[in-house]
$ cat input.csv   # CSV, C-alpha atoms
chain,number,residue,atom,x,y,z
A,91,MET,CA,108.4,94.1,131.1
A,92,THR,CA,111.9,95.0,129.8
A,93,PRO,CA,113.3,98.5,130.6
A,94,ILE,CA,114.7,100.2,127.5
A,95,HIS,CA,115.5,103.6,129.1
A,96,GLU,CA,115.2,105.2,132.5
A,97,ASP,CA,116.1,108.6,134.1
A,98,ASP,CA,114.7,110.8,136.8
A,99,HIS,CA,111.8,111.9,134.6
A,100,LEU,CA,110.6,109.0,132.6
A,101,LEU,CA,110.8,105.3,132.0
A,102,VAL,CA,110.5,103.5,128.6
A,103,LEU,CA,109.5,99.8,128.8
A,104,GLU,CA,108.9,97.0,126.3
A,105,LYS,CA,105.5,95.6,127.1
A,106,PRO,CA,105.1,91.9,126.3
A,107,SER,CA,102.0,90.6,124.4
A,108,GLY,CA,99.2,89.5,126.7
A,109,LEU,CA,99.8,92.2,129.4
A,110,LEU,CA,97.2,95.0,129.8
A,111,SER,CA,98.7,98.5,129.8
A,112,VAL,CA,96.2,99.8,132.4
A,113,PRO,CA,93.4,98.0,134.4
A,114,GLY,CA,90.5,97.0,132.3
A,115,ARG,CA,86.9,96.5,133.3
A,116,GLY,CA,86.7,93.6,135.7
A,117,ALA,CA,90.4,93.0,135.3
A,118,ASP,CA,92.8,92.2,138.2
A,119,LYS,CA,94.3,95.7,138.9
A,120,GLN,CA,97.6,94.1,139.8
A,121,ASP,CA,97.9,92.3,136.4
A,122,CYS,CA,98.7,95.3,134.2
A,123,LEU,CA,101.8,97.3,133.3
A,124,ALA,CA,100.6,100.4,135.2
A,125,SER,CA,100.1,98.6,138.5
A,126,ARG,CA,103.4,96.8,138.2
A,127,VAL,CA,105.3,100.1,137.6
A,128,GLN,CA,103.5,101.9,140.3
A,129,ALA,CA,104.5,99.3,142.8
A,130,VAL,CA,108.0,100.5,142.3
A,131,TYR,CA,107.4,104.2,141.4
A,132,PRO,CA,104.1,105.3,143.0
A,133,GLU,CA,104.2,108.6,141.1
A,134,ALA,CA,104.5,106.9,137.7
A,135,LEU,CA,101.8,107.6,135.1
A,136,VAL,CA,101.4,105.7,131.8
A,137,VAL,CA,101.5,108.2,128.9
A,138,HIS,CA,99.9,106.1,126.2
A,139,ARG,CA,98.5,102.6,125.8
A,140,LEU,CA,99.0,99.5,123.7
A,141,ASP,CA,96.4,96.8,123.0
A,142,GLN,CA,96.7,93.8,125.3
A,143,ASP,CA,97.9,91.6,122.5
A,144,THR,CA,100.4,94.2,121.1
A,145,SER,CA,104.0,94.2,122.2
A,146,GLY,CA,106.5,97.0,122.2
A,147,LEU,CA,107.4,100.4,123.6
A,148,LEU,CA,105.5,102.3,126.2
A,149,VAL,CA,106.4,105.6,127.9
A,150,VAL,CA,105.8,106.1,131.6
A,151,ALA,CA,106.2,109.6,133.1
A,152,LYS,CA,107.6,110.0,136.6
A,153,GLY,CA,105.4,112.8,137.9
A,154,ASP,CA,102.8,115.3,136.6
A,155,LEU,CA,105.2,117.7,134.8
A,156,ALA,CA,106.7,114.9,132.6
A,157,GLN,CA,103.3,113.5,131.9
A,158,SER,CA,101.9,116.9,130.8
A,159,SER,CA,104.8,117.4,128.4
A,160,LEU,CA,104.7,114.0,126.9
A,161,MET,CA,101.0,113.9,126.5
A,162,ALA,CA,101.0,117.4,124.9
A,163,GLN,CA,103.6,116.1,122.4
A,164,LEU,CA,101.4,113.1,121.5
A,165,LYS,CA,98.3,115.3,121.2
A,166,ALA,CA,100.1,117.8,118.9
A,167,ARG,CA,101.6,114.9,116.9
A,168,ARG,CA,105.1,115.9,117.7
A,169,GLY,CA,105.8,112.5,119.2
A,170,LYS,CA,106.1,109.6,116.7
A,171,LYS,CA,105.2,106.0,117.2
A,172,THR,CA,106.2,103.4,114.5
A,173,TYR,CA,105.0,99.8,114.5
A,174,ILE,CA,106.1,96.7,112.6
A,175,THR,CA,103.3,94.4,111.4
A,176,LEU,CA,102.9,91.5,109.0
A,177,VAL,CA,99.7,91.6,106.9
A,178,GLN,CA,98.0,89.2,104.5
A,179,GLY,CA,98.5,89.7,100.8
A,180,PRO,CA,100.7,91.8,98.6
A,181,VAL,CA,100.4,95.5,99.5
A,182,ALA,CA,100.6,97.3,96.1
A,183,ALA,CA,102.0,100.6,97.1
A,184,GLU,CA,105.4,100.9,98.6
A,185,VAL,CA,104.2,103.9,100.7
A,186,GLY,CA,100.6,104.6,101.6
A,187,ARG,CA,98.4,106.6,103.9
A,188,ILE,CA,95.0,105.5,105.2
A,189,GLU,CA,92.5,108.2,106.3
A,190,ALA,CA,89.2,106.8,107.5
A,191,PRO,CA,87.0,107.6,110.5
A,192,ILE,CA,86.8,104.9,113.3
A,193,GLY,CA,84.0,104.2,115.7
A,194,ARG,CA,82.2,101.3,117.3
A,195,ASP,CA,81.1,98.6,114.9
A,196,PRO,CA,77.2,99.0,114.9
A,197,ALA,CA,76.9,95.2,114.3
A,198,GLU,CA,79.3,94.2,117.1
A,199,ARG,CA,79.9,96.7,119.9
A,200,LYS,CA,83.1,95.1,121.1
A,201,ARG,CA,84.7,95.8,117.8
A,202,MET,CA,85.8,99.0,116.1
A,203,ALA,CA,85.2,99.7,112.4
A,204,VAL,CA,85.4,102.4,109.8
A,205,VAL,CA,82.1,104.2,110.2
A,206,ALA,CA,80.5,107.4,109.0
A,207,GLY,CA,80.6,109.9,111.8
A,208,GLY,CA,83.5,108.1,113.5
A,209,ARG,CA,86.5,109.9,114.9
A,210,PRO,CA,89.1,111.0,112.3
A,211,ALA,CA,92.0,108.6,112.0
A,212,THR,CA,95.2,108.5,109.9
A,213,THR,CA,97.7,105.8,109.5
A,214,GLY,CA,100.8,105.8,107.3
A,215,TYR,CA,102.7,102.8,106.2
A,216,ARG,CA,105.8,101.7,104.2
A,217,VAL,CA,106.7,98.2,102.9
A,218,ARG,CA,109.6,96.8,104.7
A,219,GLU,CA,109.8,93.3,103.2
A,220,ARG,CA,107.7,91.2,100.9
A,221,PHE,CA,106.9,87.5,101.1
A,222,ALA,CA,104.7,85.1,99.1
A,223,GLY,CA,101.2,85.9,100.4
A,224,TRP,CA,102.4,88.3,103.1
A,225,THR,CA,103.8,91.8,103.5
A,226,MET,CA,105.8,93.2,106.4
A,227,LEU,CA,105.1,96.9,107.0
A,228,GLU,CA,106.4,99.8,109.1
A,229,VAL,CA,103.3,101.7,110.3
A,230,ASP,CA,103.2,105.2,111.6
A,231,LEU,CA,100.4,105.9,114.0
A,232,ILE,CA,99.5,109.5,113.3
A,233,THR,CA,96.3,109.5,115.4
A,234,GLY,CA,95.6,107.1,118.3
A,235,ARG,CA,92.2,105.5,118.0
A,236,THR,CA,91.3,102.2,119.6
A,237,HIS,CA,92.5,99.3,117.3
A,238,GLN,CA,93.3,101.8,114.7
A,239,ILE,CA,96.1,99.9,112.9
A,240,ARG,CA,94.1,96.7,112.9
A,241,VAL,CA,90.9,98.3,111.6
A,242,HIS,CA,92.6,100.4,108.9
A,243,LEU,CA,94.7,97.6,107.5
A,244,THR,CA,91.6,95.3,107.4
A,245,GLU,CA,89.7,98.0,105.7
A,246,ILE,CA,92.1,98.1,102.8
A,247,GLY,CA,92.1,94.3,102.5
A,248,HIS,CA,95.3,93.4,104.4
A,249,PRO,CA,94.4,92.1,107.8
A,250,ILE,CA,97.2,91.5,110.3
A,251,ALA,CA,98.5,88.0,110.8
A,252,GLY,CA,97.3,86.4,114.0
A,253,ASP,CA,94.5,88.8,114.6
A,254,PRO,CA,91.5,86.8,116.0
A,255,THR,CA,89.2,89.8,116.0
A,256,TYR,CA,89.6,91.5,112.6
A,257,GLY,CA,91.1,88.8,110.5
A,258,ASN,CA,89.8,86.1,108.1
A,259,GLY,CA,90.6,82.4,108.3
A,260,THR,CA,94.0,82.7,106.5
A,261,SER,CA,95.1,85.9,108.3
A,262,ARG,CA,94.1,84.6,111.7
A,263,ARG,CA,96.2,81.5,111.3
A,264,GLY,CA,99.1,83.5,109.9
A,265,PRO,CA,102.2,81.9,108.3
A,266,GLU,CA,103.8,78.9,109.9
A,267,GLY,CA,105.0,79.8,113.4
A,268,THR,CA,102.4,82.5,114.1
A,269,THR,CA,101.2,82.3,117.7
A,270,ARG,CA,99.7,85.7,118.3
A,271,LEU,CA,98.8,89.1,116.8
A,272,PHE,CA,101.8,90.3,114.7
A,273,LEU,CA,101.9,93.9,115.8
A,274,HIS,CA,104.9,95.4,117.6
A,275,ALA,CA,105.5,99.0,118.7
A,276,TRP,CA,109.0,99.1,117.4
A,277,ARG,CA,110.2,102.7,117.6
A,278,ILE,CA,109.2,105.8,119.5
A,279,ALA,CA,110.5,109.4,119.2
A,280,PHE,CA,109.8,112.4,121.4
A,281,THR,CA,111.4,115.4,123.0
A,282,HIS,CA,112.7,114.8,126.6
A,283,PRO,CA,110.4,116.7,129.0
A,284,ARG,CA,113.3,118.1,131.0
A,285,ASP,CA,116.1,119.1,128.7
A,286,GLY,CA,114.5,119.1,125.2
A,287,ARG,CA,116.8,116.5,123.6
A,288,LEU,CA,115.4,114.2,121.0
A,289,MET,CA,114.8,110.7,122.3
A,290,ARG,CA,114.6,107.9,119.7
A,291,LEU,CA,114.3,104.4,121.1
A,292,GLU,CA,113.7,101.0,119.5
A,293,ALA,CA,112.7,97.5,120.6
A,294,PRO,CA,113.6,94.7,118.2
A,295,LEU,CA,111.0,92.1,117.3
A,296,PRO,CA,110.6,89.6,120.1
A,297,PRO,CA,111.3,85.9,119.3
A,298,ASP,CA,107.7,84.9,118.9
A,299,LEU,CA,107.3,87.4,116.0
A,300,GLN,CA,110.7,86.7,114.6
A,301,LEU,CA,109.9,83.0,114.2
A,302,PRO,CA,107.3,83.3,111.4
A,303,LEU,CA,109.6,85.6,109.5
A,304,ASP,CA,112.5,83.3,109.8
A,305,THR,CA,110.2,80.4,108.6
A,306,LEU,CA,109.1,82.4,105.6
A,307,ARG,CA,112.7,83.2,104.7
A,308,LEU,CA,113.9,79.6,105.3
A,309,HIS,CA,111.2,78.3,102.9
A,310,GLY,CA,112.3,80.8,100.3
A,311,GLU,CA,109.0,82.6,100.4
A,312,ARG,CA,110.4,86.1,100.0
A,313,SER,CA,108.8,87.9,97.1
A,314,GLU,CA,110.6,90.4,94.9
A,315,GLY,CA,107.3,91.8,93.5
$ encode --input "input.csv" --output "structure tokens"
Amino acid sequence: MTPIHEDDHLLVLEKPSGLLSVPGRGADKQDCLASRVQAVYPEALVVHRLDQDTSGLLVVAKGDLAQSSLMAQLKARRGKKTYITLVQGPVAAEVGRIEAPIGRDPAERKRMAVVAGGRPATTGYRVRERFAGWTMLEVDLITGRTHQIRVHLTEIGHPIAGDPTYGNGTSRRGPEGTTRLFLHAWRIAFTHPRDGRLMRLEAPLPPDLQLPLDTLRLHGERSEG
């Protein structure tokens, strides 16, 4: 875990891929971000979660008052979370919005899917860079359903590179240099729970995600279309 910001009321960390945000069922309770933080700050409370394989920014509240304020902001959609991802194929629209309900996949209960009667879910995206066969996106998570970005992008035909659960053969392999799910919580914006100032924090892509992009660029696989 890498600290990005810390004060008396909150802590913003960069979670590495492979680390649980909070204890899972049957998981070692010490082997998660929440337990590691609470070993130093017993009063600390994780405000939101990232999938185990997703890297990037997580906010931790130091105490109940900060947690209440931050969670209220997220619930009211006043807090903003932006991700960077690499998806298979050329995404046609430069800017788009996906609105589709998400629930348990009736055919495989460990997966999520777009299903009738699921919870409402909205994801916004913008094209950041184009490559031959791949598109890098900035994604705004407007609601916060389990696996929302992965499910929504797969639903529109653009699964995330390195995704073993929702991808196909090509997307699961990803471009050369892909070693894991290409999904990174890049930026977070919220109002400080104590003094009301705007907090806008970023975590650059880690080296294991930068590598496949550098390889695509090195091989001249950037697309202008």
$ atom_distance --input "input.csv" --atom1 "atom CA of Leu103 of chain A" --atom2 "atom CA of Ile192 of chain A"
28.0 Å
$ residues_around --input "input.csv" --residues "Gly264 of chain A" --least-positions-apart "3" --cutoff "12 Å" --atoms "only C-alpha atoms" --output "ChimeraX atom specification"
/A:175-179,223-225,248-254,257-261,267-272,299,301-303,305-306
$ closest_residue --input "input.csv" --among "A:Ala156, A:Leu308, A:Ala182, A:Val136" --to "Val217 of chain A" --atoms "all atoms listed in the file"
A:Ala182
$ closest_residue --input "input.csv" --among "A:Asp98, A:Asp195, A:Asp154, A:Glu104" --to "Leu291 of chain A" --atoms "all atoms listed in the file"
A:Glu104
$ atom_distance --input "input.csv" --atom1 "atom CA of Arg290 of chain A" --atom2 "atom CA of Ile239 of chain A"
21.3 Å
$ residues_around --input "input.csv" --residues "Trp276 of chain A" --least-positions-apart "6" --cutoff "9 Å" --atoms "only C-alpha atoms" --output "ChimeraX atom specification"
/A:145-147,171-174,228,291-295
$ atom_distance --input "input.csv" --atom1 "atom CA of Ala279 of chain A" --atom2 "atom CA of Ala162 of chain A"
13.7 Å
$ residues_near_point --input "input.csv" --point "(94.1, 100.0, 109.8)" --cutoff "12 Å" --atoms "all atoms listed in the file" --output "PyMOL selection string"
chain A and resi 173+175+177+186-192+202-204+211-215+227+229-250+256-257+273
$ closest_residue --input "input.csv" --among "A:Gly286, A:Gly207, A:Pro296, A:Pro93" --to "Arg194 of chain A" --atoms "only C-alpha atoms"
A:Gly207
$ closest_residue --input "input.csv" --among "A:Met91, A:Leu140, A:Ala197, A:Val149" --to "His282 of chain A" --atoms "all atoms listed in the file"
A:Val149
